[in-house]
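Data from final_5.pdb: PDB, C-alpha atoms and all ligand atoms
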```pdb
ATOM      1  CA  MET A  38      75.565 135.507  92.512  1.00  0.00           C
ATOM      2  CA  ARG A  39      75.500 136.647  96.116  1.00  0.00           C
ATOM      3  CA  GLY A  40      75.285 133.055  97.353  1.00  0.00           C
ATOM      4  CA  ILE A  41      78.524 131.881  95.843  1.00  0.00           C
ATOM      5  CA  LEU A  42      81.126 133.401  98.126  1.00  0.00           C
ATOM      6  CA  PRO A  43      79.765 132.078 101.428  1.00  0.00           C
ATOM      7  CA  VAL A  44      79.521 128.607  99.920  1.00  0.00           C
ATOM      8  CA  LEU A  45      83.138 128.700  98.811  1.00  0.00           C
ATOM      9  CA  LEU A  46      84.219 129.892 102.233  1.00  0.00           C
ATOM     10  CA  LEU A  47      82.337 127.032 103.840  1.00  0.00           C
ATOM     11  CA  LEU A  48      83.940 124.499 101.548  1.00  0.00           C
ATOM     12  CA  SER A  49      87.430 125.742 102.216  1.00  0.00           C
ATOM     13  CA  ALA A  50      86.810 125.781 105.949  1.00  0.00           C
ATOM     14  CA  CYS A  51      85.928 122.105 105.741  1.00  0.00           C
ATOM     15  CA  GLY A  52      88.973 121.282 103.662  1.00  0.00           C
ATOM     16  CA  SER A  53      91.387 122.804 106.115  1.00  0.00           C
ATOM     17  CA  ASN A  54      90.171 120.470 108.835  1.00  0.00           C
ATOM     18  CA  THR A  55      91.475 117.290 107.303  1.00  0.00           C
ATOM     19  CA  GLY A  56      94.959 115.994 107.748  1.00  0.00           C
ATOM     20  CA  ASP A  57      96.078 118.583 110.246  1.00  0.00           C
ATOM     21  CA  ASN A  58      97.012 116.837 113.431  1.00  0.00           C
ATOM     22  CA  SER A  59      99.671 119.251 114.545  1.00  0.00           C
ATOM     23  CA  SER A  60      97.432 121.451 116.634  1.00  0.00           C
ATOM     24  CA  GLY A  61      98.111 119.565 119.861  1.00  0.00           C
ATOM     25  CA  GLY A  62      98.013 121.020 123.317  1.00  0.00           C
ATOM     26  CA  THR A  63      94.330 120.821 124.064  1.00  0.00           C
ATOM     27  CA  GLY A  64      94.292 117.047 124.530  1.00  0.00           C
ATOM     28  CA  GLY A  65      91.182 117.147 122.367  1.00  0.00           C
ATOM     29  CA  GLU A  66      89.883 113.967 120.799  1.00  0.00           C
ATOM     30  CA  ALA A  67      90.811 114.681 117.217  1.00  0.00           C
ATOM     31  CA  ALA A  68      94.396 115.624 118.004  1.00  0.00           C
ATOM     32  CA  ASP A  69      95.000 112.497 120.058  1.00  0.00           C
ATOM     33  CA  LEU A  70      93.274 110.123 117.744  1.00  0.00           C
ATOM     34  CA  ALA A  71      94.863 110.821 114.382  1.00  0.00           C
ATOM     35  CA  PRO A  72      95.446 107.509 112.586  1.00  0.00           C
ATOM     36  CA  SER A  73      98.942 106.517 111.465  1.00  0.00           C
ATOM     37  CA  ALA A  74      99.848 106.073 107.813  1.00  0.00           C
ATOM     38  CA  GLU A  75      99.706 102.278 108.288  1.00  0.00           C
ATOM     39  CA  GLN A  76      96.229 102.514 109.731  1.00  0.00           C
ATOM     40  CA  ILE A  77      95.051 104.660 106.845  1.00  0.00           C
ATOM     41  CA  ASP A  78      96.464 102.092 104.409  1.00  0.00           C
ATOM     42  CA  PHE A  79      94.899  99.212 106.322  1.00  0.00           C
ATOM     43  CA  ALA A  80      91.464 100.851 106.269  1.00  0.00           C
ATOM     44  CA  ARG A  81      91.706 101.365 102.532  1.00  0.00           C
ATOM     45  CA  THR A  82      92.177  97.694 101.713  1.00  0.00           C
ATOM     46  CA  ALA A  83      91.120  95.466 104.616  1.00  0.00           C
ATOM     47  CA  VAL A  84      87.950  93.358 104.574  1.00  0.00           C
ATOM     48  CA  PRO A  85      86.694  90.730 107.045  1.00  0.00           C
ATOM     49  CA  ALA A  86      88.142  87.234 106.490  1.00  0.00           C
ATOM     50  CA  ASP A  87      84.703  85.638 106.165  1.00  0.00           C
ATOM     51  CA  SER A  88      83.691  86.070 102.511  1.00  0.00           C
ATOM     52  CA  LYS A  89      79.953  86.555 103.138  1.00  0.00           C
ATOM     53  CA  LEU A  90      80.677  89.188 105.719  1.00  0.00           C
ATOM     54  CA  ALA A  91      83.277  90.767 103.460  1.00  0.00           C
ATOM     55  CA  ALA A  92      80.678  91.153 100.700  1.00  0.00           C
ATOM     56  CA  LYS A  93      78.279  92.930 103.053  1.00  0.00           C
ATOM     57  CA  TYR A  94      81.047  95.048 104.495  1.00  0.00           C
ATOM     58  CA  GLU A  95      82.233  96.100 101.049  1.00  0.00           C
ATOM     59  CA  ARG A  96      78.864  97.425  99.968  1.00  0.00           C
ATOM     60  CA  SER A  97      78.023  99.190 103.242  1.00  0.00           C
ATOM     61  CA  CYS A  98      80.380 100.030 106.124  1.00  0.00           C
ATOM     62  CA  ARG A  99      83.434 100.192 103.918  1.00  0.00           C
ATOM     63  CA  THR A 100      82.106 103.158 101.969  1.00  0.00           C
ATOM     64  CA  CYS A 101      82.548 105.431 104.960  1.00  0.00           C
ATOM     65  CA  HIS A 102      84.836 103.623 107.370  1.00  0.00           C
ATOM     66  CA  SER A 103      87.700 103.206 104.904  1.00  0.00           C
ATOM     67  CA  ALA A 104      88.158 106.872 104.056  1.00  0.00           C
ATOM     68  CA  ILE A 105      89.711 109.331 106.433  1.00  0.00           C
ATOM     69  CA  ASP A 106      87.658 112.244 105.138  1.00  0.00           C
ATOM     70  CA  ALA A 107      84.291 110.576 105.814  1.00  0.00           C
ATOM     71  CA  ALA A 108      84.472 111.526 109.513  1.00  0.00           C
ATOM     72  CA  ALA A 109      83.791 107.916 110.505  1.00  0.00           C
ATOM     73  CA  PRO A 110      86.221 106.034 112.765  1.00  0.00           C
ATOM     74  CA  LEU A 111      88.570 104.201 110.403  1.00  0.00           C
ATOM     75  CA  THR A 112      88.543 100.430 110.209  1.00  0.00           C
ATOM     76  CA  GLY A 113      91.560  99.228 112.183  1.00  0.00           C
ATOM     77  CA  HIS A 114      92.119 102.550 113.938  1.00  0.00           C
ATOM     78  CA  LYS A 115      92.041 100.942 117.375  1.00  0.00           C
ATOM     79  CA  GLU A 116      92.516 104.113 119.377  1.00  0.00           C
ATOM     80  CA  ALA A 117      89.437 105.760 117.912  1.00  0.00           C
ATOM     81  CA  TRP A 118      87.351 102.644 118.496  1.00  0.00           C
ATOM     82  CA  ALA A 119      88.618 102.104 122.032  1.00  0.00           C
ATOM     83  CA  ALA A 120      87.326 105.513 123.073  1.00  0.00           C
ATOM     84  CA  ARG A 121      83.898 104.721 121.678  1.00  0.00           C
ATOM     85  CA  SER A 122      83.611 101.211 123.049  1.00  0.00           C
ATOM     86  CA  SER A 123      84.773 102.176 126.515  1.00  0.00           C
ATOM     87  CA  GLU A 124      82.021 104.786 126.556  1.00  0.00           C
ATOM     88  CA  ARG A 125      79.232 102.609 125.184  1.00  0.00           C
ATOM     89  CA  GLY A 126      80.396  98.998 125.252  1.00  0.00           C
ATOM     90  CA  GLN A 127      79.977  96.592 122.328  1.00  0.00           C
ATOM     91  CA  ALA A 128      76.218  96.432 122.872  1.00  0.00           C
ATOM     92  CA  GLY A 129      76.020 100.225 122.780  1.00  0.00           C
ATOM     93  CA  LEU A 130      77.968 100.363 119.533  1.00  0.00           C
ATOM     94  CA  LEU A 131      75.644  97.808 118.004  1.00  0.00           C
ATOM     95  CA  ALA A 132      72.594  99.792 119.124  1.00  0.00           C
ATOM     96  CA  GLN A 133      74.019 103.001 117.648  1.00  0.00           C
ATOM     97  CA  THR A 134      74.672 101.265 114.344  1.00  0.00           C
ATOM     98  CA  LYS A 135      71.148  99.911 114.158  1.00  0.00           C
ATOM     99  CA  SER A 136      69.467 103.199 114.960  1.00  0.00           C
ATOM    100  CA  GLY A 137      71.908 105.388 113.046  1.00  0.00           C
ATOM    101  CA  PHE A 138      74.231 107.932 114.610  1.00  0.00           C
ATOM    102  CA  ASN A 139      74.813 111.483 113.365  1.00  0.00           C
ATOM    103  CA  ALA A 140      76.114 111.115 109.800  1.00  0.00           C
ATOM    104  CA  MET A 141      75.763 107.327 109.871  1.00  0.00           C
ATOM    105  CA  PRO A 142      72.466 106.069 108.449  1.00  0.00           C
ATOM    106  CA  ALA A 143      70.480 103.372 110.273  1.00  0.00           C
ATOM    107  CA  MET A 144      71.965  99.873 109.925  1.00  0.00           C
ATOM    108  CA  GLY A 145      75.098 101.450 108.449  1.00  0.00           C
ATOM    109  CA  LEU A 146      73.310 100.968 105.112  1.00  0.00           C
ATOM    110  CA  CYS A 147      73.308  97.169 105.467  1.00  0.00           C
ATOM    111  CA  ASN A 148      69.620  96.403 105.745  1.00  0.00           C
ATOM    112  CA  ASP A 149      70.057  92.651 105.372  1.00  0.00           C
ATOM    113  CA  CYS A 150      72.654  92.469 108.130  1.00  0.00           C
ATOM    114  CA  SER A 151      71.729  90.483 111.252  1.00  0.00           C
ATOM    115  CA  ASP A 152      72.844  91.564 114.720  1.00  0.00           C
ATOM    116  CA  GLU A 153      75.551  88.915 114.466  1.00  0.00           C
ATOM    117  CA  ASP A 154      76.754  90.342 111.158  1.00  0.00           C
ATOM    118  CA  LEU A 155      76.885  93.856 112.554  1.00  0.00           C
ATOM    119  CA  SER A 156      78.646  92.743 115.732  1.00  0.00           C
ATOM    120  CA  ALA A 157      81.216  90.807 113.741  1.00  0.00           C
ATOM    121  CA  MET A 158      81.816  93.804 111.513  1.00  0.00           C
ATOM    122  CA  ILE A 159      82.194  96.120 114.473  1.00  0.00           C
ATOM    123  CA  GLU A 160      84.730  93.734 115.988  1.00  0.00           C
ATOM    124  CA  PHE A 161      86.620  93.599 112.735  1.00  0.00           C
ATOM    125  CA  MET A 162      86.475  97.367 112.238  1.00  0.00           C
ATOM    126  CA  SER A 163      87.547  98.142 115.767  1.00  0.00           C
ATOM    127  CA  GLY A 164      90.738  96.196 115.196  1.00  0.00           C
ATOM    128  CA  ARG A 165      90.129  93.160 117.357  1.00  0.00           C
ATOM    129  CA  THR A 166      90.719  90.847 114.453  1.00  0.00           C
ATOM    130  CA  GLU A 167      93.223  91.758 111.807  1.00  0.00           C
TER     131      GLU A 167
HETATM  132  C1  LIG B 201      77.246 106.670 105.105  1.00  0.00           C
HETATM  133  C2  LIG B 201      78.451 106.490 105.872  1.00  0.00           C
HETATM  134  C3  LIG B 201      78.529 105.324 106.837  1.00  0.00           C
HETATM  135  C4  LIG B 201      78.263 103.997 106.593  1.00  0.00           C
HETATM  136  C5  LIG B 201      77.792 103.357 105.287  1.00  0.00           C
HETATM  137  C6  LIG B 201      78.548 103.298 107.831  1.00  0.00           C
HETATM  138  N1  LIG B 201      78.962 104.179 108.793  1.00  0.00           N
HETATM  139 FE1  LIG B 201      79.408 103.718 110.735  1.00  0.00          FE
HETATM  140  N2  LIG B 201      79.772 105.676 111.111  1.00  0.00           N
HETATM  141  C7  LIG B 201      79.727 106.695 110.173  1.00  0.00           C
HETATM  142  C8  LIG B 201      80.074 107.936 110.818  1.00  0.00           C
HETATM  143  C9  LIG B 201      80.178 109.299 110.142  1.00  0.00           C
HETATM  144  C10 LIG B 201      80.330 107.631 112.167  1.00  0.00           C
HETATM  145  C11 LIG B 201      80.723 108.599 113.277  1.00  0.00           C
HETATM  146  C12 LIG B 201      79.484 109.240 113.832  1.00  0.00           C
HETATM  147  C13 LIG B 201      79.829 110.233 114.902  1.00  0.00           C
HETATM  148  O1  LIG B 201      80.637 109.909 115.807  1.00  0.00           O
HETATM  149  O2  LIG B 201      79.304 111.353 114.858  1.00  0.00           O
HETATM  150  C14 LIG B 201      80.123 106.202 112.311  1.00  0.00           C
HETATM  151  C15 LIG B 201      80.270 105.525 113.501  1.00  0.00           C
HETATM  152  C16 LIG B 201      80.113 104.167 113.655  1.00  0.00           C
HETATM  153  C17 LIG B 201      80.203 103.453 114.907  1.00  0.00           C
HETATM  154  C18 LIG B 201      80.498 104.074 116.255  1.00  0.00           C
HETATM  155  C19 LIG B 201      79.194 104.431 116.912  1.00  0.00           C
HETATM  156  C20 LIG B 201      79.386 105.014 118.275  1.00  0.00           C
HETATM  157  O3  LIG B 201      78.525 104.789 119.117  1.00  0.00           O
HETATM  158  O4  LIG B 201      80.377 105.719 118.507  1.00  0.00           O
HETATM  159  C21 LIG B 201      79.979 102.136 114.647  1.00  0.00           C
HETATM  160  C22 LIG B 201      79.951 101.000 115.654  1.00  0.00           C
HETATM  161  C23 LIG B 201      79.752 102.014 113.233  1.00  0.00           C
HETATM  162  N3  LIG B 201      79.839 103.268 112.657  1.00  0.00           N
HETATM  163  C24 LIG B 201      79.527 100.822 112.577  1.00  0.00           C
HETATM  164  C25 LIG B 201      79.189 100.728 111.236  1.00  0.00           C
HETATM  165  C26 LIG B 201      78.896  99.470 110.582  1.00  0.00           C
HETATM  166  C27 LIG B 201      78.948  98.103 111.237  1.00  0.00           C
HETATM  167  C28 LIG B 201      78.606  99.760 109.282  1.00  0.00           C
HETATM  168  C29 LIG B 201      78.198  98.819 108.180  1.00  0.00           C
HETATM  169  C30 LIG B 201      77.121  97.882 108.441  1.00  0.00           C
HETATM  170  C31 LIG B 201      78.694 101.227 109.144  1.00  0.00           C
HETATM  171  N4  LIG B 201      79.074 101.752 110.342  1.00  0.00           N
HETATM  172  C32 LIG B 201      78.425 101.928 107.974  1.00  0.00           C
HETATM  173  C33 LIG B 201      79.383 106.589 108.845  1.00  0.00           C
HETATM  174  C34 LIG B 201      78.985 105.419 108.224  1.00  0.00           C
END
```

Show me, as structure tokens, the structure contained in the file I just sent.
Amino acid sequence: MRGILPVLLLLSACGSNTGDNSSGGTGGEAADLAPSAEQIDFARTAVPADSKLAAKYERSCRTCHSAIDAAAPLTGHKEAWAARSSERGQAGLLAQTKSGFNAMPAMGLCNDCSDEDLSAMIEFMSGRTE
């Protein structure tokens, strides 16, 4: 019984983090990088134009990068991607995807993806091709 209350508190602390982008003033990343409603919609439905790539994307990257509450940069949310790619470059982003990064598993869960596949997906996700 004793364990239940702290768990509930933790859960509600997490919940209150999402969707609140009105706490500006600090210039912090999250406040500046909130996606627009259009971007959230785009992420929900968009897939790469190439059908083979789209199939791989749909069963891997899409799971996390299409949902705002997955803490992954949203597909098509250019601002969030620009910050990452200016820090690491495209090659750095590819390397992070392959090795895994914080909550993202290695290969972004696409174990049969080639470097070319991953690079193309990253380009698509970062909003270079829409
Ligand atoms: C299980 C969820 C999950 C899946 C599946 C996933 N990602 Fe991610 N991805 C994340 C999360 C979470 C982050 C943010 C990590 C962070 O900044 O702490 C992220 C970040 C990234 C980044 C930015 C890395 C950086 O250096 O800032 C790239 C690039 C990326 N993902 C590409 C992909 C690609 C390509 C796929 C599909 C092949 C994919 N992801 C699949 C969860 C996922």

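Residues in contact range of Tyr94 (chain A), defined as at most 9 Å between only C-alpha atoms, with sequence neighbours fewer than 6 positions away removed, read Val84, Pro85, Thr100, Cys147 and Met158 of chain A.
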
Can you pull out every residue with an atom within 9 Å of ligand LIG 201 (chain B)? Use only C-alpha atoms and all ligand atoms and format it as a count of residues only. 52

When the PyMOL selection byres (((chain A and resi 76) around 12) and not hetatm) is applied to the structure above, which residues does it catch, written out as a PDB file with C-alpha atoms, in the coordinates of the input?
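Contents of result-v7.pdb, as written:
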```pdb
ATOM      1  CA  LEU A  70      93.274 110.123 117.744  1.00  0.00           C
ATOM      2  CA  ALA A  71      94.863 110.821 114.382  1.00  0.00           C
ATOM      3  CA  PRO A  72      95.446 107.509 112.586  1.00  0.00           C
ATOM      4  CA  SER A  73      98.942 106.517 111.465  1.00  0.00           C
ATOM      5  CA  ALA A  74      99.848 106.073 107.813  1.00  0.00           C
ATOM      6  CA  GLU A  75      99.706 102.278 108.288  1.00  0.00           C
ATOM      7  CA  ILE A  77      95.051 104.660 106.845  1.00  0.00           C
ATOM      8  CA  ASP A  78      96.464 102.092 104.409  1.00  0.00           C
ATOM      9  CA  PHE A  79      94.899  99.212 106.322  1.00  0.00           C
ATOM     10  CA  ALA A  80      91.464 100.851 106.269  1.00  0.00           C
ATOM     11  CA  ARG A  81      91.706 101.365 102.532  1.00  0.00           C
ATOM     12  CA  THR A  82      92.177  97.694 101.713  1.00  0.00           C
ATOM     13  CA  ALA A  83      91.120  95.466 104.616  1.00  0.00           C
ATOM     14  CA  HIS A 102      84.836 103.623 107.370  1.00  0.00           C
ATOM     15  CA  SER A 103      87.700 103.206 104.904  1.00  0.00           C
ATOM     16  CA  ALA A 104      88.158 106.872 104.056  1.00  0.00           C
ATOM     17  CA  ILE A 105      89.711 109.331 106.433  1.00  0.00           C
ATOM     18  CA  PRO A 110      86.221 106.034 112.765  1.00  0.00           C
ATOM     19  CA  LEU A 111      88.570 104.201 110.403  1.00  0.00           C
ATOM     20  CA  THR A 112      88.543 100.430 110.209  1.00  0.00           C
ATOM     21  CA  GLY A 113      91.560  99.228 112.183  1.00  0.00           C
ATOM     22  CA  HIS A 114      92.119 102.550 113.938  1.00  0.00           C
ATOM     23  CA  LYS A 115      92.041 100.942 117.375  1.00  0.00           C
ATOM     24  CA  GLU A 116      92.516 104.113 119.377  1.00  0.00           C
ATOM     25  CA  ALA A 117      89.437 105.760 117.912  1.00  0.00           C
ATOM     26  CA  MET A 162      86.475  97.367 112.238  1.00  0.00           C
ATOM     27  CA  SER A 163      87.547  98.142 115.767  1.00  0.00           C
ATOM     28  CA  GLY A 164      90.738  96.196 115.196  1.00  0.00           C
ATOM     29  CA  GLU A 167      93.223  91.758 111.807  1.00  0.00           C
TER      30      GLU A 167
END
```

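The shortest atom-to-atom distance to Asp149 (chain A), with only C-alpha atoms taken into account, belongs to A:Ala92 out of A:Ala128, A:Ala119, A:Ala86, A:Ala92.
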